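First comes the structure, then the notes that go with it.
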Amino acid sequence: MQRIGVFVCWCGSNIAGTVDVKAVAEALKNEPGVVFSTNYQYMCSQAGQDMIKAAIAGHKLGGIVVCSCSPRMHEATFRKTASQAGINPYMVEIANIREQCSWVHKDMATGTEKAIILGKAAVAKVNLNTPLTPGESPVTKRALVIGGGIAGIQTALDIADAGFPVDIVETKPTIGGKMAQLDKTFPTLDCAACILTPKMVEVAQHENIRIFSYSEVSEIKGFVGNFDVTIKRKARYVKEDICTGCGACVEKCPMKKIPNEFNLGMDNRSAVYIPFAQAVPKVATIDPNACNMLKNGRCGICAKVCTAGAIDYTQKDEYIEEKYGAIVAATGFNPISMDKFDEFAYSQSKDVITSLEFERLTNAAGPTAGKLLRPSDGKHPHTIVFVQCVGSRCSACTEKGKEYCSKICCMYTAKHAMLTRDKYPDTEVYVFYIDVRTPGKNFDEFYRRAVEEYGVNYIKGMVGKVTPEGSKLKVQASDLIANKQLHIDADLVVLAAAIEPDKSARPLATMLTASMDTNDFFTEAHPKLRPVESPTAGVFLSGTCQGPKDIPETVSQAGAAASKVIGLLAKDKLTGNPCIAKSDEWMCNGCSSCGKVCAYGAITYEEKEFRLPDRTTKIRRVASVNPAVCQGCGACTVTCPSGAMDLNGFTTTQIMAEVDAICK
Amino acid sequence: MKVSYFPGCTLKNKAKVLDLYARKSAEVLGVTLEEIDNWQCCGGVFTTARDEVATKLSSVRALMAARDSGQPLVTVCSACHNVIKQTNNAMISDAEFADKANRYLSCDSPYAGDAKVYHYLEMLRDLVGFDALKEKVVNPLNGKKIAAYYGCLLLRPGSVMKMDDPENPTIMEDMLRALGGDAVICGKRNECCGGYIAMESPTLAKKSSNSVVENAIAAGAEMIITACPLCRYNLIKNGSPIPVVYFTEILAEALGIKEDIHE
C-alpha cells in the first residue's frame, strides 16, 4: 500500500462551479492508502505546486492523485512537481474532473458524485503504480526532406545553414517543384524563376545538402531520432556525376514527340531530356518508356554524341540506406483532374486550359516563349474567361471536387487577369467568382488594382456551360448581382482547378505512421499551437502537403519546420516514454498475435532457451518488444490471448483496479 | 436472359418505334423484355414535386413487380427511367417517403428498394456488353456521323442515376461505335431541349432546341439520336434540318431488323 496524497483543484469556478470540491477531498480521505487530502483554488499555480511539494515531504507521500483538468493539460506539470519533491514522476495520477465531469454536468450533486468516483479510481490505480524510468536514445544528426519544391528547398537550406546535414529526396529529375513552372508571383509580380533558381543553386552548392533527384523513399523504419530510410534511386540511364548538362544528347535524340510534362503536355520533349534550362541537378534523364535503345536496342545516338561518356543504358534502380534523426514531409500539391468537370469542355477543346497551363503559356521559357496564344490555332485570344473555384468549395459534389477552398486561386487569377490586360490591352477579360478571397499582406490592394486600374470584368456568379462552336467557346454564365444570364463568345477559357495533395503523400503517411485528414492532407499535431509537427514524433510538415498555401506562407512554414528539426537535432539524447509494452516470457507462447497488430513494428520473436524447474532446458519462441520503437498504444496487450503482454503504467491489474473502484 | 420491362405511356402512342425496336433488338441480343402486367404511367410530369407520394406509387408498384419476378427492371424512355430510378432511390434513402408509400400500397411485403433498375442503354452496356453487341451487327453504320443527344433527364442527377458522367458521358457514343458509326461529340448534348416549356412558351423552347441542333451540325453531325420522346418531339417540331431518331431505331438498323413503319 502506498502513502497517497489527494489534491483537488477548483480551477477557479471551472470545477468548483459544479463540483463540491471540499466534499470530494473529504470523501477521498477514507480511500485505502490515502493519508492526506486537500483542495485548492489553482493547483497548477506556483502556490498549488508548493502545497503539493510540502505535503510530499511532510507526509512522506509515495504517490499523489491530482483531481483537476485533463492530463493532456497539466500531467507534465504535476509530474515535474513530484519529481522536484523527490518522488518518481510516474507515481502521479490525474483524475480528470473538469473536461469529463464539471464541464459536462450542470447539477452539483451528480458532478460531485462523479468526481468522487473518478478520484477513487485514480487512488486505486496509484496504489498499484510502480516507479518508471524512461529510456534514452541517441539522435542521428541528419535530416531527410521529402520533396524538392520551394517548401523542401527552404526547409533544407535552413537546417543546413544551422550546421546539420540534410538530404532532399525528389521524385522528378530536378528540384524546383511547382514554383519553377510559374511565371510571375503575386502580389509583387517578381518572376518566379528569378527568385527560385538562386535558391536551387544554393541547395546544389551547399556543403551540408545532398540531392537525391529522380528518387523515391521506399521504406521507413525506426522512430524519432533514429529513422532507417531506404531511398530508391530510379535509373536515369545517365551517370549523374559525369554528365555536364551540355544538352548534346537532347539535341540529337531522334524521339522528339514525347509530351513535355514540364509544359503540361503543351509541347514535346525528346526521350532524353533536361526538364528546363535551370534544372538542378542539371543532368539529362532518359525516359525508359520513350527511348528506342532501352525499348528495343535500336538507336544509341545519345551515347555516341556524349563526349563525357555519361550515358549508361545498363543502369539499374539503386537502393541506398541512410539513417536520419528527423523527417520532413514536403510532398506538395497538384491541380485536380478536370475529367469530371466537362461542363467546361476541358476534354473537348484545346482552348479550355487550367491556370497552371496558363502560367506556362505566359512564361518566357514556356511553349509559346511567353506569347499568349491559343493552343488550338496559335492565334491571339481577344476574349478570355477565367472561371474560379473549379472543384473548390464543392460541398454539394464531393465525388467531383473538394469541399475546401484552395486558397491560392483568387490571387493567381487576379494576377493572370491583370497581366493579360497589361500586356494585351485589346483583350477583354472576365473573371467569374463565388467570392473573392484576398486576405494577406497587399493582397486585396492587388485585386482592387486588377479591377480598377486594369479594367478586369469581375462577375459574381458561376459559369454553367462552355460549348465549343467553330473557333469560339460559347460561355453561358449567370451574373448573380444583375440577376441575368450571360452569353459570352470567348477565345480562351481558363479554369482555376482546385488543388489536392500529391498522390505520393498517402503511401508516405503510411510509411511514417503519420496521420492524414480525409482530403489526404497531413494532419498537424495541434491546429494552432503545433502547426508544423505531425503527431508522430520526429515527423515535420512543410508546405502544401499540410493544406493549401501560397508561396510566402509555404516559405514561412518551411522555416518553422526547419527550426523544429534543428531543435531536435541539437539534442544529443532523447528521453523516451517509459509507458511501453513488455512481454512475460514465461506466459508467452509465441503465437504472433501481438506482432500482427503492432503498427510500429516494435515486436519481434526469438527462440529462447528456458530452464525448467526439473532442471531440463527447453527452447521456446517468445515475443520481444523493442523499447525504442514501442509507442505504448496498447494494441498488443488486448490482443494477447495468454495475457503475457502488459503495458507499463497501464497494466491490466491497474486498469481493473480502476474499473473495480468505479463499479464498487 | 429475361428482364422485366416498363415501356411507359408515350411508347404506346407517339413513340411506338422506340418501343418496337427496343423489343426486336433485345430479342436479337438474347434478352426477353417481359412487360409488367397492368403497369401505369410512371408519374412523369410530376418528378419535381418532391412532397408528392401518390404520383410515385405506380413507379413503386412497377418496382415491386420486378422484385417479385426476381428480374432487373428495364426502361427506355428517359423520363420514365428518371422517375423510376429516383423513386427507387427514395425508397432506400427517404424513410418517411418509403413508409408512406408502403402504407398506401398496403401489400404483404413492403418494398425497400431491392429491384435493380436499368436504362435500356445500361442493359446494352452492363448486361449484354458492347463487345457482344458489336458481334451481332450485320448492317454496320459505315462511319455515319451521328451525334448522341442525352438531354437533361437521362443522366441527372448523376448521384442517383449512376449511369454515366452527366457532363462527359460515353454510353451512347460507345454504342454508336459498337454499331460502326462515327460518334460526333457536341458540347450541348446534355443541354435541355426546351422540355414542357414548349406548351407555355414555344419560342423559348425553339431557342433551346435550335441551339442543340445547330451545335450538333457545327460539330459535323448528319443525324441525332435520343432516348427521349419529348426531346425528339421538340427537335423535330422546331425544324431540325437533320434527322432526329430514337437510339433503338439506329440499333435495329445495324442489327438488320429495321422495317418501314408509319408512325
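Letters A, B, ... go to the chains of the C-alpha cells in the order shown; residues in each chain start at 1; ligands are counted from 1 in the same order.
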* Asked: Contacts of Ile4 in chain A at 8 Å or less, counting only C-alpha atoms, minus same-chain residues fewer than 3 places along, as a list in words?
  -> Gly33, Val34, Val35, Phe36, Leu61, Gly62, Gly63, Ile64, Val65, Val123, Val126 and Asn127 of chain A
Selected residues written out with N, CA and C atoms, as a compact mmCIF listing (two decimals), in the first residue's frame:
```txt
# COMPACT_ATOMS: atom_id res chain seq x y z
N GLY A 33 -5.05 3.78 1.50
CA GLY A 33 -3.74 4.35 1.18
C GLY A 33 -3.68 5.85 1.31
N VAL A 34 -4.83 6.53 1.32
CA VAL A 34 -4.79 8.00 1.36
C VAL A 34 -4.49 8.47 2.78
N VAL A 35 -3.42 9.27 2.89
CA VAL A 35 -3.06 9.77 4.22
C VAL A 35 -3.23 11.29 4.30
N PHE A 36 -3.48 11.91 3.13
CA PHE A 36 -3.60 13.36 3.12
C PHE A 36 -4.53 13.76 1.98
N LEU A 61 4.79 11.15 1.34
CA LEU A 61 3.93 10.54 0.34
C LEU A 61 4.75 9.75 -0.68
N GLY A 62 4.20 8.61 -1.10
CA GLY A 62 4.85 7.82 -2.14
C GLY A 62 4.17 8.01 -3.49
N GLY A 63 2.92 8.50 -3.47
CA GLY A 63 2.19 8.73 -4.72
C GLY A 63 1.15 9.80 -4.52
N ILE A 64 0.77 10.50 -5.60
CA ILE A 64 -0.25 11.54 -5.45
C ILE A 64 -1.32 11.41 -6.53
N VAL A 65 -2.51 11.88 -6.15
CA VAL A 65 -3.61 11.97 -7.11
C VAL A 65 -4.00 13.44 -7.20
N VAL A 123 -7.08 6.78 -7.21
CA VAL A 123 -6.40 6.31 -5.99
C VAL A 123 -6.11 4.82 -6.11
N VAL A 126 -3.09 4.41 -8.36
CA VAL A 126 -1.80 4.82 -7.77
C VAL A 126 -1.30 3.77 -6.80
N ASN A 127 -2.24 3.11 -6.11
CA ASN A 127 -1.82 2.06 -5.18
C ASN A 127 -1.00 0.98 -5.88
```
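When the distance limit is 8 Å and only C-alpha atoms are what count, the residues near range 156-160 of chain B, minus those fewer than 4 positions from it on the same chain, are Asn82, Lys85, Gln86, Asn89, Cys152, Asp164, Asp165 and Pro166 of chain B.
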For those residues, write N, CA and C atoms to a file as a PDB file, in the first residue's frame.
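The new file result.pdb reads:
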```pdb
ATOM      1  N   ASN B  82     -35.981   8.129 -65.402  1.00  0.00           N
ATOM      2  CA  ASN B  82     -35.632   9.105 -64.374  1.00  0.00           C
ATOM      3  C   ASN B  82     -36.549   8.974 -63.163  1.00  0.00           C
ATOM      4  N   LYS B  85     -36.023   5.452 -61.349  1.00  0.00           N
ATOM      5  CA  LYS B  85     -34.758   5.342 -60.610  1.00  0.00           C
ATOM      6  C   LYS B  85     -34.773   6.253 -59.386  1.00  0.00           C
ATOM      7  N   GLN B  86     -35.307   7.465 -59.569  1.00  0.00           N
ATOM      8  CA  GLN B  86     -35.371   8.389 -58.428  1.00  0.00           C
ATOM      9  C   GLN B  86     -36.304   7.848 -57.352  1.00  0.00           C
ATOM     10  N   ASN B  89     -34.587   5.107 -55.518  1.00  0.00           N
ATOM     11  CA  ASN B  89     -33.601   5.683 -54.598  1.00  0.00           C
ATOM     12  C   ASN B  89     -34.281   6.241 -53.353  1.00  0.00           C
ATOM     13  N   CYS B 152     -31.476  16.548 -70.737  1.00  0.00           N
ATOM     14  CA  CYS B 152     -31.147  16.840 -69.343  1.00  0.00           C
ATOM     15  C   CYS B 152     -31.513  15.709 -68.399  1.00  0.00           C
ATOM     16  N   ASP B 164     -23.767   7.339 -65.938  1.00  0.00           N
ATOM     17  CA  ASP B 164     -22.601   7.821 -66.668  1.00  0.00           C
ATOM     18  C   ASP B 164     -22.285   9.207 -66.114  1.00  0.00           C
ATOM     19  N   ASP B 165     -21.130   9.737 -66.484  1.00  0.00           N
ATOM     20  CA  ASP B 165     -20.782  11.089 -66.057  1.00  0.00           C
ATOM     21  C   ASP B 165     -21.721  12.065 -66.766  1.00  0.00           C
ATOM     22  N   PRO B 166     -22.564  12.814 -66.028  1.00  0.00           N
ATOM     23  CA  PRO B 166     -23.546  13.676 -66.689  1.00  0.00           C
ATOM     24  C   PRO B 166     -22.915  14.756 -67.563  1.00  0.00           C
TER      25      PRO B 166
END
```
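For Thr75 in chain B, the set of protein, DNA and RNA residues having any atom at most 9 Å away, when counting only C-alpha atoms and skipping those fewer than 2 positions along the same chain, is Ser4, Tyr5, Phe6, Pro7, Gly8, Leu73, Cys77, Ser78, Cys80, His81, Ile84, Val117, Tyr118, His119 and Tyr120 of chain B.
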Please, could you write that set of residues out with N, CA and C atoms as an mmCIF file, in the first residue's frame?
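Result went into result_8.cif, see below:
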```cif
data_model
loop_
_atom_site.group_PDB
_atom_site.id
_atom_site.type_symbol
_atom_site.label_atom_id
_atom_site.label_comp_id
_atom_site.auth_asym_id
_atom_site.auth_seq_id
_atom_site.Cartn_x
_atom_site.Cartn_y
_atom_site.Cartn_z
ATOM 1 N N SER B 4 -37.627 -7.648 -66.566
ATOM 2 C CA SER B 4 -38.937 -7.001 -66.519
ATOM 3 C C SER B 4 -38.845 -5.708 -67.318
ATOM 4 N N TYR B 5 -39.948 -5.348 -67.969
ATOM 5 C CA TYR B 5 -39.897 -4.209 -68.881
ATOM 6 C C TYR B 5 -41.033 -3.243 -68.584
ATOM 7 N N PHE B 6 -40.660 -1.977 -68.441
ATOM 8 C CA PHE B 6 -41.656 -0.927 -68.231
ATOM 9 C C PHE B 6 -41.600 0.010 -69.427
ATOM 10 N N PRO B 7 -42.531 -0.091 -70.382
ATOM 11 C CA PRO B 7 -42.432 0.757 -71.576
ATOM 12 C C PRO B 7 -42.825 2.204 -71.306
ATOM 13 N N GLY B 8 -43.939 2.438 -70.624
ATOM 14 C CA GLY B 8 -44.404 3.809 -70.384
ATOM 15 C C GLY B 8 -45.405 4.238 -71.427
ATOM 16 N N LEU B 73 -35.314 -4.400 -63.670
ATOM 17 C CA LEU B 73 -36.353 -3.641 -64.360
ATOM 18 C C LEU B 73 -35.712 -2.743 -65.413
ATOM 19 N N CYS B 77 -37.628 4.990 -72.017
ATOM 20 C CA CYS B 77 -37.911 6.414 -72.075
ATOM 21 C C CYS B 77 -37.113 7.141 -70.990
ATOM 22 N N SER B 78 -36.457 8.237 -71.370
ATOM 23 C CA SER B 78 -35.643 8.990 -70.423
ATOM 24 C C SER B 78 -36.442 9.402 -69.199
ATOM 25 N N CYS B 80 -39.403 8.146 -67.946
ATOM 26 C CA CYS B 80 -39.805 7.023 -67.103
ATOM 27 C C CYS B 80 -38.611 6.549 -66.282
ATOM 28 N N HIS B 81 -37.480 6.412 -66.966
ATOM 29 C CA HIS B 81 -36.280 5.923 -66.298
ATOM 30 C C HIS B 81 -35.899 6.833 -65.140
ATOM 31 N N ILE B 84 -38.496 6.431 -62.255
ATOM 32 C CA ILE B 84 -38.429 5.128 -61.585
ATOM 33 C C ILE B 84 -37.138 4.990 -60.782
ATOM 34 N N VAL B 117 -32.661 -1.258 -61.269
ATOM 35 C CA VAL B 117 -33.240 -0.563 -62.422
ATOM 36 C C VAL B 117 -32.156 -0.273 -63.455
ATOM 37 N N TYR B 118 -32.437 -0.640 -64.688
ATOM 38 C CA TYR B 118 -31.505 -0.368 -65.783
ATOM 39 C C TYR B 118 -32.204 0.452 -66.857
ATOM 40 N N HIS B 119 -31.501 1.445 -67.376
ATOM 41 C CA HIS B 119 -31.967 2.010 -68.630
ATOM 42 C C HIS B 119 -31.564 1.027 -69.720
ATOM 43 N N TYR B 120 -32.301 1.010 -70.807
ATOM 44 C CA TYR B 120 -32.006 0.098 -71.910
ATOM 45 C C TYR B 120 -30.531 0.201 -72.334
#
```
| task | Excluding range 561-567 of chain A and residues on its chain fewer than 6 positions from it, collect all residues at most 12 Å away from it, counting only C-alpha atoms, and give them as a PyMOL selection string. | result | chain A and resi 139-145+151-166+224-225+324-330+524+530-534+537-543+546+554-555+573-574
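The chain A residues that come within 8 Å of chain B are Asp339, Lys340, Phe341, Asp342, Glu343, Ala345, Gln348, Val466, Thr467, Pro468, Glu469 and Gly470 of chain A, with only C-alpha atoms taken into account.
Residue-level DSSP output for range 59-167 of chain B, from the backbone, shows strand (DSSP E) at B:Leu73, B:Val74, B:Thr75, B:Val117, B:Tyr118, B:His119, B:Lys145, B:Ile146, B:Ala147, B:Ala148.
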Please extract the residues of range 195-401 of chain A with a backbone DSSP assignment of helix (DSSP H, G or I) and present them as a PyMOL selection string. chain A and resi 195-205+248-252+261-263+292-296+301-305+342-344+355-362
Output the selection as an mmCIF file, in the first residue's frame - C-alpha atoms for each residue.
```
data_model
loop_
_atom_site.group_PDB
_atom_site.id
_atom_site.type_symbol
_atom_site.label_atom_id
_atom_site.label_comp_id
_atom_site.auth_asym_id
_atom_site.auth_seq_id
_atom_site.Cartn_x
_atom_site.Cartn_y
_atom_site.Cartn_z
ATOM 1 C CA ILE A 195 13.709 34.228 -57.014
ATOM 2 C CA LEU A 196 13.643 30.433 -57.067
ATOM 3 C CA THR A 197 16.633 29.446 -59.173
ATOM 4 C CA PRO A 198 19.225 31.147 -56.910
ATOM 5 C CA LYS A 199 17.839 29.058 -54.059
ATOM 6 C CA MET A 200 18.069 25.906 -56.189
ATOM 7 C CA VAL A 201 21.697 26.702 -56.952
ATOM 8 C CA GLU A 202 22.349 27.369 -53.272
ATOM 9 C CA VAL A 203 20.952 23.927 -52.453
ATOM 10 C CA ALA A 204 23.171 22.317 -55.072
ATOM 11 C CA GLN A 205 26.262 24.054 -53.759
ATOM 12 C CA ALA A 248 24.090 17.439 -76.925
ATOM 13 C CA CYS A 249 22.143 14.225 -76.321
ATOM 14 C CA VAL A 250 18.853 16.134 -76.037
ATOM 15 C CA GLU A 251 19.512 17.841 -79.350
ATOM 16 C CA LYS A 252 20.412 14.676 -81.250
ATOM 17 C CA GLU A 261 5.446 17.226 -68.519
ATOM 18 C CA PHE A 262 7.115 20.468 -67.525
ATOM 19 C CA ASN A 263 4.953 22.380 -70.030
ATOM 20 C CA ASN A 292 14.223 3.232 -78.561
ATOM 21 C CA MET A 293 17.561 1.961 -77.265
ATOM 22 C CA LEU A 294 16.009 0.903 -73.961
ATOM 23 C CA LYS A 295 12.871 -0.470 -75.573
ATOM 24 C CA ASN A 296 14.338 -2.460 -78.427
ATOM 25 C CA ILE A 301 22.765 8.042 -80.675
ATOM 26 C CA CYS A 302 22.928 9.809 -77.295
ATOM 27 C CA ALA A 303 25.810 7.592 -76.159
ATOM 28 C CA LYS A 304 27.665 8.413 -79.400
ATOM 29 C CA VAL A 305 27.297 12.161 -79.056
ATOM 30 C CA ASP A 342 -16.627 18.578 -68.584
ATOM 31 C CA GLU A 343 -19.369 21.203 -68.417
ATOM 32 C CA PHE A 344 -16.353 23.455 -69.026
ATOM 33 C CA SER A 355 -4.443 28.058 -64.654
ATOM 34 C CA LEU A 356 -1.166 26.169 -64.409
ATOM 35 C CA GLU A 357 -1.242 25.719 -68.178
ATOM 36 C CA PHE A 358 -1.903 29.462 -68.467
ATOM 37 C CA GLU A 359 1.265 30.045 -66.381
ATOM 38 C CA ARG A 360 3.261 28.064 -68.922
ATOM 39 C CA LEU A 361 1.637 29.939 -71.821
ATOM 40 C CA THR A 362 2.715 33.281 -70.378
#
```
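Nearest residue to Ala657 in chain A, choosing from A:Leu128, A:Cys409, A:Ala599, A:Lys282 and counting only C-alpha atoms: A:Leu128.
Interatomic distance, CA of Arg615 in chain A to CA of Gly590 in chain A: 22.1 Å.
Counting from CA of His74 in chain A, the distance to CA of Glu93 in chain A is 10.9 Å.
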* Which neighbours of Glu75 in chain A fall inside 12 Å, counting only C-alpha atoms, when residues of the same chain fewer than 4 positions from it are skipped, and could you give them as a PyMOL selection string? -> chain A and resi 43-44+64-71+79-82+89-96
Quick one: everything within 10 Å of Met462 in chain A, counting only C-alpha atoms, minus sequence neighbours fewer than 5 positions away in the same chain. Send it as a ChimeraX atom specification.
-> /A:387-390,431-434,476-480
- Near Val213 in chain B, counting only C-alpha atoms, which residues have an atom at most 10 Å away, once you skip same-chain residues fewer than 5 positions from it, shown as a PyMOL selection string? chain B and resi 147+149+186+188-189+193+208+218-219+221+223-224+235-236+238-242+244
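Closest approach to Gly649 in chain A among A:Lys664, A:Gly632, A:Thr77, A:Gly149 is made by A:Gly632 (distances from only C-alpha atoms).
Picture a line from CA of Val212 in chain B to CA of Ile171 in chain B; it runs 18.9 Å.
Minimum atom-to-atom distances from B:Ile146, B:Leu133, B:Ala115, B:Leu204 to Val28 in chain B were compared using only C-alpha atoms, and the lowest value belongs to B:Leu133.
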